[in-house]
Amino acid sequence: MIRLTAEASPLTAALDAISEPLACTGACTPDAPLALVLPHGDELVVDLADPGATVERLLAHAEPAPFGDHERTRFDPAVRRALRLRDREGIRLRGFDPERHGVLAQVEAVLSPRERLVATLTDVQIYPPGGHFAGHRDTPRDGDMLGTLVVLLPLPHAGGALTIREGGMIRDVLGDSSGVPAGGEREIVHVFKDMSDATSSGRAVGEREAEGVPGALRWAAFFADVEHAIDVVREGHRVVVTYALSRSGTPREPADDRAAPFREALARELGGRELLPNGGVLLVPCTRRVIAPRGSTRTPALRDLRGLDRELAEAALALGIEVRVRHCVAAGEANEPANLAVVDLARLREALAEPAVAGLGELVTFAEEGHMLQYLEYEGPVSSLAPLLLAGDCQEALLVRARARATLVHEACFSADGYFGNEHYDAWLHALVAIEMVIPPLAARGLAEPEPVRRVRHANFGDGTVVSEQRSGENLMLVVRFDDGQERRLLRRFLVDL
Ligand SMILES: O=C(O)CCC(=O)C(=O)O
Ligand SMILES: [Fe+2]
């Protein structure tokens, strides 16, 4: 029977205590008059004294911005109403550079502590009054994409907050230019209410308040697979410069060892008898999706893991444990059926990597000790959560982190405004994965097998369990805990084996 260690386990407790931010924000001051330098040399000056003329200049070079609806590029103002500069390739923002201003280092510290990032300017977007962008994830451009950096130009506008959502919470990360405080959160109603706790550790961090600094640039960076949206702009024009953040392959020295509490808890568990005594797989669903090549059955590599997921895998490796990464499908958990997410199978199929879709079966609800577990039957070329849940006598354990649970459940209950990309997808997809930690049996961990339980019977005291044996001269004495709760020391010959 699967062991659900979601609540009680010291391992889940250690995991859930680790903070795992989805985003970070900050502000900085330009070091030259701001201008967008187009590839052929034209400059679109950002004149803070004359925002109207600035916007006119930008609009003269703009075209409607589309969005990605799976493989299609679409225009629909109900989903996205925005413009973008036509000459996006090779454009530069004079007065600001993510590396030079130290923004990249701040972003790395939060989103990629162990690998340097590269920022590539991808878009300049103009949200006019009424402009907005519905909830979406940023379409992977390649396997190295990690996140998105958004830099808000200091032009006056109201509304247009950038919000990120995961597990049913919306978090404001970039308010409007009047300085709506960042970090506010409100609940959205159409997804799991009871998942709200699961997101509490996902604070946007690092906000250095830009208020009072005229012309300051506010920025936000987030993992590309985090669902985010731009609220309706009520007044003025909201102009942002966006950068793709990609892994560079250059290692980085992390300031702190975030995974240490997990590594220490796992080391303790490995030294005890509770964790998978016969050996087995400890399955840890990931919080972040990985980017998988479309149509490929390739097993994701450790390096494909993002954020804390990778650090957890490395923590297990450091203890000499074999670690693998596998695809998985959505699973949900609740204490009563009414709280289970309504899984929209059609939408879920669309969100999964293609090889996984063929194997999707029926939605199954599973109850164990008053706990409901919902999952999808799955038979496919890549392994998933479902066969694990179906295997009655398996020695595997599922370690559901609060944050990963929110991710998995959220994946299964998309909002009414859909699941879009910021461009159509082509070769790459976001895919849900889990880390498999292969736990050796007790003997291989240097822990002897537990003593077999020995039961005995006494004519007067009834049945009991042998606690220890003692020699007393010629006599063998047994200490027996009888079923009445009493422990008695008796001569061996007055006891019969059961
Ligand atoms: O405008 C923003 O703040 C972000 C834009 C965005 O989400 C995108 O281009 O994908
Ligand atoms: Fe986006």
# chains A, B, ... in the order shown; residues from 1 in each chain; ligands from 1

$ residues_near_ligand --ligand "ligand 2" --cutoff "10 Å" --atoms "only C-alpha atoms and all ligand atoms" --output "PyMOL selection string"
chain A and resi 67+133-139+147-150+162+164+222-230+242+420-423

$ residues_around --residues "A:Ile321" --least-positions-apart "2" --cutoff "8 Å" --atoms "only C-alpha atoms" --output "ChimeraX atom specification"
/A:316-319,323,437-439

$ atom_distance --atom1 "atom CA of A:Arg92" --atom2 "atom CA of A:Val241"
9.7 Å

$ closest_residue --among "A:His40, A:Arg100, A:His237, A:Arg94" --to "ligand 1" --atoms "only C-alpha atoms and all ligand atoms"
A:His237

$ closest_residue --among "A:Glu63, A:Asp31, A:Asp123, A:Glu474" --to "ligand 1" --atoms "only C-alpha atoms and all ligand atoms"
A:Asp123

$ closest_residue --among "A:Arg57, A:Arg454, A:Arg238, A:His157" --to "ligand 1" --atoms "only C-alpha atoms and all ligand atoms"
A:Arg238

$ closest_residue --among "A:Gly159, A:Gly215, A:Pro452, A:Gly473" --to "ligand 1" --atoms "only C-alpha atoms and all ligand atoms"
A:Gly159

$ residues_around --residues "A:Pro39" --least-positions-apart "4" --cutoff "12 Å" --atoms "only C-alpha atoms" --output "list of chain:residue names"
A:Glu43, A:Leu44, A:Leu85, A:Arg86, A:Asp87, A:Arg88, A:Glu89, A:Gly90, A:Ile91, A:Arg92, A:Leu93

$ write_last_selection --atoms "N, CA and C atoms" --output "CSV table (one decimal), in the first residue's frame"
chain,number,residue,atom,x,y,z
A,43,GLU,N,16.7,55.6,-32.5
A,43,GLU,CA,16.5,55.6,-31.1
A,43,GLU,C,15.1,56.1,-30.8
A,44,LEU,N,14.4,55.3,-29.9
A,44,LEU,CA,13.1,55.7,-29.4
A,44,LEU,C,13.4,56.2,-28.0
A,85,LEU,N,6.8,46.1,-30.2
A,85,LEU,CA,7.6,46.8,-31.2
A,85,LEU,C,7.9,45.8,-32.3
A,86,ARG,N,7.8,46.3,-33.5
A,86,ARG,CA,8.1,45.4,-34.7
A,86,ARG,C,9.5,44.9,-34.7
A,87,ASP,N,10.5,45.8,-34.5
A,87,ASP,CA,11.9,45.4,-34.5
A,87,ASP,C,12.3,44.9,-33.2
A,88,ARG,N,12.1,43.6,-32.9
A,88,ARG,CA,12.5,43.1,-31.6
A,88,ARG,C,13.8,42.5,-31.6
A,89,GLU,N,14.2,41.9,-32.7
A,89,GLU,CA,15.5,41.2,-32.7
A,89,GLU,C,16.6,42.3,-32.7
A,90,GLY,N,17.5,42.1,-31.7
A,90,GLY,CA,18.7,43.0,-31.7
A,90,GLY,C,18.4,44.4,-31.1
A,91,ILE,N,17.3,44.6,-30.5
A,91,ILE,CA,17.0,45.9,-29.8
A,91,ILE,C,17.7,46.0,-28.5
A,92,ARG,N,18.1,47.2,-28.1
A,92,ARG,CA,18.8,47.4,-26.8
A,92,ARG,C,18.0,48.5,-26.0
A,93,LEU,N,18.1,48.3,-24.7
A,93,LEU,CA,17.6,49.4,-23.8
A,93,LEU,C,18.7,50.2,-23.3

$ atom_distance --atom1 "atom CA of A:Ala301" --atom2 "atom 10 (O, counted along the ligand's line) of ligand 1"
26.4 Å

$ closest_residue --among "A:Val79, A:Leu245, A:Leu38, A:Ala62" --to "A:Leu104" --atoms "only C-alpha atoms"
A:Leu245

$ residues_around --residues "A:Glu253" --least-positions-apart "5" --cutoff "9 Å" --atoms "only C-alpha atoms" --output "MDAnalysis selection string"
chainID A and resid 113:115

$ atom_distance --atom1 "atom CA of A:Arg81" --atom2 "atom CA of A:Asp426"
22.8 Å

$ residues_around --residues "A:Pro254" --least-positions-apart "5" --cutoff "12 Å" --atoms "only C-alpha atoms" --output "PyMOL selection string"
chain A and resi 105-106+108-116+259+307-308+311

$ write_last_selection --atoms "C-alpha atoms" --output "PDB file, in the first residue's frame"
ATOM      1  CA  ALA A 105      22.803  38.414  -9.790  1.00  0.00           C
ATOM      2  CA  GLN A 106      19.758  39.157  -7.636  1.00  0.00           C
ATOM      3  CA  GLU A 108      20.078  34.138  -9.827  1.00  0.00           C
ATOM      4  CA  ALA A 109      20.234  34.189  -6.041  1.00  0.00           C
ATOM      5  CA  VAL A 110      16.510  33.410  -5.942  1.00  0.00           C
ATOM      6  CA  LEU A 111      15.692  31.421  -9.090  1.00  0.00           C
ATOM      7  CA  SER A 112      18.988  29.762 -10.000  1.00  0.00           C
ATOM      8  CA  PRO A 113      21.424  29.688  -7.058  1.00  0.00           C
ATOM      9  CA  ARG A 114      23.706  27.083  -8.658  1.00  0.00           C
ATOM     10  CA  GLU A 115      23.919  28.172 -12.272  1.00  0.00           C
ATOM     11  CA  ARG A 116      24.575  31.538 -13.891  1.00  0.00           C
ATOM     12  CA  ALA A 259      18.416  21.906   0.765  1.00  0.00           C
ATOM     13  CA  GLY A 307      14.984  25.813  -8.595  1.00  0.00           C
ATOM     14  CA  LEU A 308      14.818  23.849  -5.367  1.00  0.00           C
ATOM     15  CA  GLU A 311      18.937  21.118  -5.057  1.00  0.00           C
TER      16      GLU A 311
END
